[in-house]
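run-v4.cif (mmCIF, N, CA and C atoms)
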```cif
data_final
#
loop_
_atom_site.group_PDB
_atom_site.id
_atom_site.type_symbol
_atom_site.label_atom_id
_atom_site.label_comp_id
_atom_site.auth_asym_id
_atom_site.auth_seq_id
_atom_site.Cartn_x
_atom_site.Cartn_y
_atom_site.Cartn_z
ATOM 1 N N SER A 1054 5.210 10.387 -1.089
ATOM 2 C CA SER A 1054 6.491 10.256 -0.428
ATOM 3 C C SER A 1054 7.136 8.930 -0.810
ATOM 4 N N SER A 1055 8.369 8.996 -1.213
ATOM 5 C CA SER A 1055 9.096 7.781 -1.584
ATOM 6 C C SER A 1055 9.276 6.854 -0.392
ATOM 7 N N THR A 1056 9.454 7.432 0.792
ATOM 8 C CA THR A 1056 9.629 6.609 1.990
ATOM 9 C C THR A 1056 8.354 5.842 2.304
ATOM 10 N N LEU A 1057 7.210 6.504 2.234
ATOM 11 C CA LEU A 1057 5.932 5.827 2.468
ATOM 12 C C LEU A 1057 5.706 4.761 1.403
ATOM 13 N N ALA A 1058 5.985 5.078 0.152
ATOM 14 C CA ALA A 1058 5.812 4.099 -0.933
ATOM 15 C C ALA A 1058 6.696 2.875 -0.709
ATOM 16 N N GLY A 1059 7.919 3.101 -0.263
ATOM 17 C CA GLY A 1059 8.819 1.986 0.024
ATOM 18 C C GLY A 1059 8.319 1.122 1.158
ATOM 19 N N THR A 1060 7.741 1.753 2.182
ATOM 20 C CA THR A 1060 7.178 1.009 3.311
ATOM 21 C C THR A 1060 6.000 0.162 2.852
ATOM 22 N N VAL A 1061 5.131 0.753 2.034
ATOM 23 C CA VAL A 1061 3.982 0.005 1.495
ATOM 24 C C VAL A 1061 4.481 -1.161 0.646
ATOM 25 N N LEU A 1062 5.425 -0.895 -0.236
ATOM 26 C CA LEU A 1062 5.923 -1.951 -1.119
ATOM 27 C C LEU A 1062 6.562 -3.094 -0.338
ATOM 28 N N SER A 1063 7.358 -2.768 0.678
ATOM 29 C CA SER A 1063 8.006 -3.849 1.434
ATOM 30 C C SER A 1063 6.985 -4.707 2.175
ATOM 31 N N ASN A 1064 5.898 -4.107 2.656
ATOM 32 C CA ASN A 1064 4.848 -4.896 3.313
ATOM 33 C C ASN A 1064 4.110 -5.785 2.320
ATOM 34 N N VAL A 1065 3.751 -5.229 1.182
ATOM 35 C CA VAL A 1065 2.966 -5.971 0.196
ATOM 36 C C VAL A 1065 3.814 -7.046 -0.483
ATOM 37 N N LYS A 1066 5.122 -6.819 -0.625
ATOM 38 C CA LYS A 1066 5.995 -7.806 -1.256
ATOM 39 C C LYS A 1066 6.038 -9.110 -0.465
ATOM 40 N N GLN A 1067 5.621 -9.074 0.792
ATOM 41 C CA GLN A 1067 5.576 -10.296 1.594
ATOM 42 C C GLN A 1067 4.569 -11.286 1.019
ATOM 43 N N MET A 1068 3.635 -10.782 0.230
ATOM 44 C CA MET A 1068 2.662 -11.643 -0.451
ATOM 45 C C MET A 1068 3.298 -12.065 -1.771
ATOM 46 N N SER A 1069 3.801 -13.255 -1.822
ATOM 47 C CA SER A 1069 4.537 -13.694 -3.004
ATOM 48 C C SER A 1069 3.652 -13.903 -4.235
ATOM 49 N N VAL A 1070 2.348 -13.729 -4.100
ATOM 50 C CA VAL A 1070 1.457 -13.935 -5.248
ATOM 51 C C VAL A 1070 1.474 -12.753 -6.203
ATOM 52 N N LEU A 1071 2.084 -11.634 -5.795
ATOM 53 C CA LEU A 1071 2.107 -10.453 -6.646
ATOM 54 C C LEU A 1071 3.511 -10.166 -7.150
ATOM 55 N N GLN A 1072 3.586 -9.624 -8.355
ATOM 56 C CA GLN A 1072 4.860 -9.197 -8.920
ATOM 57 C C GLN A 1072 5.082 -7.739 -8.537
ATOM 58 N N SER A 1073 6.248 -7.434 -8.012
ATOM 59 C CA SER A 1073 6.573 -6.058 -7.650
ATOM 60 C C SER A 1073 6.985 -5.288 -8.891
ATOM 61 N N ARG A 1074 6.380 -4.161 -9.090
ATOM 62 C CA ARG A 1074 6.757 -3.290 -10.200
ATOM 63 C C ARG A 1074 7.563 -2.098 -9.688
ATOM 64 N N GLY A 1075 7.917 -2.134 -8.407
ATOM 65 C CA GLY A 1075 8.769 -1.106 -7.825
ATOM 66 C C GLY A 1075 8.043 0.183 -7.503
ATOM 67 N N VAL A 1076 8.809 1.131 -7.017
ATOM 68 C CA VAL A 1076 8.295 2.459 -6.679
ATOM 69 C C VAL A 1076 8.660 3.401 -7.811
ATOM 70 N N LYS A 1077 7.679 4.105 -8.313
ATOM 71 C CA LYS A 1077 7.886 5.094 -9.365
ATOM 72 C C LYS A 1077 7.536 6.463 -8.790
ATOM 73 N N ASN A 1078 8.200 7.492 -9.264
ATOM 74 C CA ASN A 1078 7.906 8.855 -8.824
ATOM 75 C C ASN A 1078 7.205 9.612 -9.932
ATOM 76 N N ALA A 1079 6.210 10.394 -9.550
ATOM 77 C CA ALA A 1079 5.501 11.254 -10.493
ATOM 78 C C ALA A 1079 4.921 12.421 -9.708
ATOM 79 N N ARG A 1080 4.571 13.459 -10.381
ATOM 80 C CA ARG A 1080 4.024 14.640 -9.722
ATOM 81 C C ARG A 1080 2.507 14.657 -9.907
ATOM 82 N N PHE A 1081 1.820 13.796 -9.169
ATOM 83 C CA PHE A 1081 0.364 13.752 -9.233
ATOM 84 C C PHE A 1081 -0.208 14.945 -8.476
ATOM 85 N N ALA A 1082 -1.150 15.621 -9.065
ATOM 86 C CA ALA A 1082 -1.800 16.762 -8.415
ATOM 87 C C ALA A 1082 -3.100 16.294 -7.786
ATOM 88 N N VAL A 1083 -2.984 15.493 -6.740
ATOM 89 C CA VAL A 1083 -4.161 14.958 -6.070
ATOM 90 C C VAL A 1083 -4.447 15.743 -4.801
ATOM 91 N N LEU A 1084 -3.432 15.917 -4.007
ATOM 92 C CA LEU A 1084 -3.573 16.635 -2.748
ATOM 93 C C LEU A 1084 -2.769 17.925 -2.800
ATOM 94 N N LYS A 1085 -3.336 18.968 -2.247
ATOM 95 C CA LYS A 1085 -2.614 20.234 -2.230
ATOM 96 C C LYS A 1085 -2.182 20.588 -0.817
ATOM 97 N N VAL A 1086 -1.880 19.569 -0.049
ATOM 98 C CA VAL A 1086 -1.373 19.767 1.307
ATOM 99 C C VAL A 1086 -0.047 19.019 1.423
ATOM 100 N N PRO A 1087 0.836 19.506 2.276
ATOM 101 C CA PRO A 1087 2.150 18.863 2.395
ATOM 102 C C PRO A 1087 2.116 17.601 3.253
ATOM 103 N N THR A 1088 1.477 16.583 2.754
ATOM 104 C CA THR A 1088 1.394 15.321 3.483
ATOM 105 C C THR A 1088 1.850 14.195 2.558
ATOM 106 N N PRO A 1089 2.484 13.183 3.090
ATOM 107 C CA PRO A 1089 2.908 12.075 2.236
ATOM 108 C C PRO A 1089 1.703 11.400 1.572
ATOM 109 N N SER A 1090 1.858 11.024 0.323
ATOM 110 C CA SER A 1090 0.780 10.330 -0.370
ATOM 111 C C SER A 1090 1.374 9.369 -1.387
ATOM 112 N N VAL A 1091 0.632 8.315 -1.660
ATOM 113 C CA VAL A 1091 1.050 7.333 -2.655
ATOM 114 C C VAL A 1091 -0.157 6.886 -3.459
ATOM 115 N N LEU A 1092 0.100 6.492 -4.677
ATOM 116 C CA LEU A 1092 -0.890 5.825 -5.515
ATOM 117 C C LEU A 1092 -0.452 4.373 -5.549
ATOM 118 N N PHE A 1093 -1.302 3.489 -5.080
ATOM 119 C CA PHE A 1093 -0.936 2.082 -4.976
ATOM 120 C C PHE A 1093 -1.824 1.266 -5.897
ATOM 121 N N GLU A 1094 -1.228 0.642 -6.897
ATOM 122 C CA GLU A 1094 -1.961 -0.221 -7.810
ATOM 123 C C GLU A 1094 -1.770 -1.660 -7.355
ATOM 124 N N VAL A 1095 -2.842 -2.249 -6.874
ATOM 125 C CA VAL A 1095 -2.772 -3.597 -6.311
ATOM 126 C C VAL A 1095 -2.545 -4.634 -7.394
ATOM 127 N N ALA A 1096 -3.369 -4.597 -8.399
ATOM 128 C CA ALA A 1096 -3.323 -5.585 -9.467
ATOM 129 C C ALA A 1096 -4.033 -4.987 -10.672
ATOM 130 N N PHE A 1097 -3.943 -5.680 -11.778
ATOM 131 C CA PHE A 1097 -4.522 -5.166 -13.003
ATOM 132 C C PHE A 1097 -5.593 -6.123 -13.529
ATOM 133 N N ILE A 1098 -6.766 -5.585 -13.831
ATOM 134 C CA ILE A 1098 -7.863 -6.430 -14.316
ATOM 135 C C ILE A 1098 -7.586 -6.951 -15.722
ATOM 136 N N THR A 1099 -6.612 -6.382 -16.407
ATOM 137 C CA THR A 1099 -6.256 -6.875 -17.740
ATOM 138 C C THR A 1099 -5.373 -8.124 -17.656
ATOM 139 N N ASN A 1100 -4.902 -8.448 -16.472
ATOM 140 C CA ASN A 1100 -4.122 -9.659 -16.246
ATOM 141 C C ASN A 1100 -5.072 -10.693 -15.647
ATOM 142 N N GLN A 1101 -5.295 -11.807 -16.352
ATOM 143 C CA GLN A 1101 -6.283 -12.807 -15.897
ATOM 144 C C GLN A 1101 -6.031 -13.288 -14.476
ATOM 145 N N TYR A 1102 -4.795 -13.596 -14.157
ATOM 146 C CA TYR A 1102 -4.458 -14.098 -12.829
ATOM 147 C C TYR A 1102 -4.758 -13.045 -11.761
ATOM 148 N N GLU A 1103 -4.323 -11.811 -12.000
ATOM 149 C CA GLU A 1103 -4.549 -10.751 -11.029
ATOM 150 C C GLU A 1103 -6.029 -10.399 -10.922
ATOM 151 N N ALA A 1104 -6.756 -10.474 -12.020
ATOM 152 C CA ALA A 1104 -8.200 -10.203 -11.990
ATOM 153 C C ALA A 1104 -8.915 -11.206 -11.090
ATOM 154 N N ARG A 1105 -8.505 -12.468 -11.148
ATOM 155 C CA ARG A 1105 -9.104 -13.482 -10.270
ATOM 156 C C ARG A 1105 -8.780 -13.193 -8.805
ATOM 157 N N LEU A 1106 -7.544 -12.744 -8.545
ATOM 158 C CA LEU A 1106 -7.176 -12.392 -7.172
ATOM 159 C C LEU A 1106 -8.069 -11.277 -6.639
ATOM 160 N N LEU A 1107 -8.367 -10.302 -7.490
ATOM 161 C CA LEU A 1107 -9.181 -9.167 -7.062
ATOM 162 C C LEU A 1107 -10.624 -9.561 -6.748
ATOM 163 N N GLU A 1108 -11.049 -10.718 -7.198
ATOM 164 C CA GLU A 1108 -12.394 -11.209 -6.883
ATOM 165 C C GLU A 1108 -12.436 -11.944 -5.549
ATOM 166 N N ASP A 1109 -11.276 -12.257 -4.989
ATOM 167 C CA ASP A 1109 -11.187 -13.047 -3.764
ATOM 168 C C ASP A 1109 -11.185 -12.135 -2.534
ATOM 169 N N ASP A 1110 -12.201 -12.302 -1.667
ATOM 170 C CA ASP A 1110 -12.310 -11.452 -0.477
ATOM 171 C C ASP A 1110 -11.123 -11.620 0.465
ATOM 172 N N GLY A 1111 -10.605 -12.829 0.584
ATOM 173 C CA GLY A 1111 -9.444 -13.068 1.438
ATOM 174 C C GLY A 1111 -8.222 -12.311 0.943
ATOM 175 N N PHE A 1112 -8.028 -12.288 -0.366
ATOM 176 C CA PHE A 1112 -6.919 -11.542 -0.957
ATOM 177 C C PHE A 1112 -7.073 -10.053 -0.665
ATOM 178 N N LYS A 1113 -8.285 -9.540 -0.875
ATOM 179 C CA LYS A 1113 -8.521 -8.108 -0.634
ATOM 180 C C LYS A 1113 -8.316 -7.752 0.834
ATOM 181 N N ASP A 1114 -8.768 -8.620 1.745
ATOM 182 C CA ASP A 1114 -8.555 -8.384 3.179
ATOM 183 C C ASP A 1114 -7.069 -8.354 3.513
ATOM 184 N N THR A 1115 -6.304 -9.276 2.938
ATOM 185 C CA THR A 1115 -4.868 -9.332 3.201
ATOM 186 C C THR A 1115 -4.166 -8.084 2.679
ATOM 187 N N ILE A 1116 -4.527 -7.650 1.484
ATOM 188 C CA ILE A 1116 -3.942 -6.433 0.912
ATOM 189 C C ILE A 1116 -4.248 -5.239 1.817
ATOM 190 N N MET A 1117 -5.490 -5.132 2.264
ATOM 191 C CA MET A 1117 -5.853 -4.006 3.133
ATOM 192 C C MET A 1117 -5.085 -4.058 4.448
ATOM 193 N N ASP A 1118 -4.897 -5.248 5.003
ATOM 194 C CA ASP A 1118 -4.098 -5.385 6.229
ATOM 195 C C ASP A 1118 -2.662 -4.933 5.997
ATOM 196 N N LYS A 1119 -2.080 -5.339 4.870
ATOM 197 C CA LYS A 1119 -0.705 -4.955 4.552
ATOM 198 C C LYS A 1119 -0.588 -3.437 4.379
ATOM 199 N N LEU A 1120 -1.564 -2.840 3.704
ATOM 200 C CA LEU A 1120 -1.559 -1.385 3.528
ATOM 201 C C LEU A 1120 -1.695 -0.669 4.866
ATOM 202 N N ALA A 1121 -2.623 -1.138 5.692
ATOM 203 C CA ALA A 1121 -2.826 -0.522 7.006
ATOM 204 C C ALA A 1121 -1.567 -0.646 7.866
ATOM 205 N N ASP A 1122 -0.938 -1.810 7.844
ATOM 206 C CA ASP A 1122 0.307 -2.005 8.601
ATOM 207 C C ASP A 1122 1.394 -1.054 8.113
ATOM 208 N N ALA A 1123 1.499 -0.874 6.806
ATOM 209 C CA ALA A 1123 2.523 0.011 6.248
ATOM 210 C C ALA A 1123 2.279 1.458 6.658
ATOM 211 N N ILE A 1124 1.033 1.881 6.602
ATOM 212 C CA ILE A 1124 0.698 3.263 6.985
ATOM 213 C C ILE A 1124 0.970 3.471 8.469
ATOM 214 N N TYR A 1125 0.573 2.510 9.290
ATOM 215 C CA TYR A 1125 0.839 2.595 10.724
ATOM 216 C C TYR A 1125 2.351 2.671 10.973
ATOM 217 N N THR A 1126 3.103 1.800 10.328
ATOM 218 C CA THR A 1126 4.554 1.782 10.502
ATOM 219 C C THR A 1126 5.164 3.118 10.102
ATOM 220 N N PHE A 1127 4.729 3.650 8.973
ATOM 221 C CA PHE A 1127 5.281 4.907 8.480
ATOM 222 C C PHE A 1127 5.027 6.055 9.452
ATOM 223 N N PHE A 1128 3.807 6.157 9.960
ATOM 224 C CA PHE A 1128 3.460 7.304 10.786
ATOM 225 C C PHE A 1128 3.738 7.126 12.277
ATOM 226 N N TYR A 1129 3.699 5.886 12.791
ATOM 227 C CA TYR A 1129 3.742 5.723 14.242
ATOM 228 C C TYR A 1129 4.822 4.798 14.781
ATOM 229 N N ALA A 1130 5.403 3.970 13.966
ATOM 230 C CA ALA A 1130 6.366 2.997 14.491
ATOM 231 C C ALA A 1130 7.804 3.340 14.123
ATOM 232 N N ARG A 1131 8.028 4.554 13.667
ATOM 233 C CA ARG A 1131 9.383 4.983 13.340
ATOM 234 C C ARG A 1131 10.022 5.639 14.560
ATOM 235 N N PRO A 1132 11.329 5.685 14.605
ATOM 236 C CA PRO A 1132 12.004 6.362 15.722
ATOM 237 C C PRO A 1132 11.491 7.802 15.858
ATOM 238 N N GLY A 1133 11.235 8.214 17.075
ATOM 239 C CA GLY A 1133 10.728 9.548 17.344
ATOM 240 C C GLY A 1133 9.216 9.632 17.341
ATOM 241 N N MET A 1134 8.552 8.551 16.993
ATOM 242 C CA MET A 1134 7.082 8.529 16.962
ATOM 243 C C MET A 1134 6.617 7.525 18.024
ATOM 244 N N GLU A 1135 6.721 7.921 19.277
ATOM 245 C CA GLU A 1135 6.483 6.985 20.367
ATOM 246 C C GLU A 1135 5.005 6.668 20.618
ATOM 247 N N THR A 1136 4.110 7.545 20.232
ATOM 248 C CA THR A 1136 2.709 7.305 20.567
ATOM 249 C C THR A 1136 1.857 7.157 19.322
ATOM 250 N N ALA A 1137 0.935 6.235 19.405
ATOM 251 C CA ALA A 1137 -0.006 6.008 18.316
ATOM 252 C C ALA A 1137 -1.322 6.703 18.660
ATOM 253 N N PRO A 1138 -2.134 6.987 17.672
ATOM 254 C CA PRO A 1138 -3.428 7.633 17.958
ATOM 255 C C PRO A 1138 -4.332 6.684 18.735
ATOM 256 N N VAL A 1139 -5.212 7.256 19.523
ATOM 257 C CA VAL A 1139 -6.180 6.472 20.274
ATOM 258 C C VAL A 1139 -7.416 6.312 19.412
ATOM 259 N N SER A 1140 -7.893 5.093 19.286
ATOM 260 C CA SER A 1140 -9.079 4.823 18.478
ATOM 261 C C SER A 1140 -10.290 5.507 19.082
ATOM 262 N N SER A 1141 -11.112 6.098 18.215
ATOM 263 C CA SER A 1141 -12.328 6.764 18.701
ATOM 264 C C SER A 1141 -13.505 5.808 18.746
ATOM 265 N N GLY A 1142 -13.307 4.591 18.286
ATOM 266 C CA GLY A 1142 -14.420 3.650 18.230
ATOM 267 C C GLY A 1142 -14.236 2.617 19.215
#
```
Conversion result in C-alpha cells:
Amino acid sequence: SSTLAGTVLSNVKQMSVLQSRGVKNARFAVLKVPTPSVLFEVAFITNQYEARLLEDDGFKDTIMDKLADAIYTFFYARPGMETAPVSSG
C-alpha cells in the first residue's frame, strides 16, 4: 500500500542519518491476501557507512521503533480507528 509506505517513510525520515530513496511501486507477489504490505530496505551493505549503521544495535532498535510506530499509526491512529488491539502479553 502506498499509504502505508508513505507512513513508514515519514517516520524513518526523522532519522537524518539515512538518505530517503522515496516510495516506489511494484507488483511483488509476496502475499495473496488483500492486506497492505511494503518492502522496506533499511540500508545497503554495499555502502560502507550504511553497513556500519547496520552493525549498531542502537540504530537497529531505533529503526524497529520507527517501523512499529508507522504500522501502529497506519492501522490504529487514523480517523475512524478509535481502538487499538489489546496486548496478549
Distance query Ala1096 (chain A) at most 8 Å, only N, CA and C atoms, self and fewer than 6 positions along chain excluded, as a ChimeraX atom specification: /A:1071,1102-1104,1106-1107
Test item: residues at most 5 Å from region 1117-1130 of chain A, only N, CA and C atoms, excluding those fewer than 3 positions along its chain, as an MDAnalysis selection string: chainID A and resid 1060:1061 1113:1114 1134
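For the pair atom C of Ile1116 (chain A) and atom C of Phe1093 (chain A), the separation is 10.4 Å.
Between atom N of Met1068 (chain A) and CA of Gly1111 (chain A) lies a distance of 13.3 Å.
In this model, the gap between CA of Leu1057 (chain A) and atom C of Lys1077 (chain A) comes to 11.4 Å.
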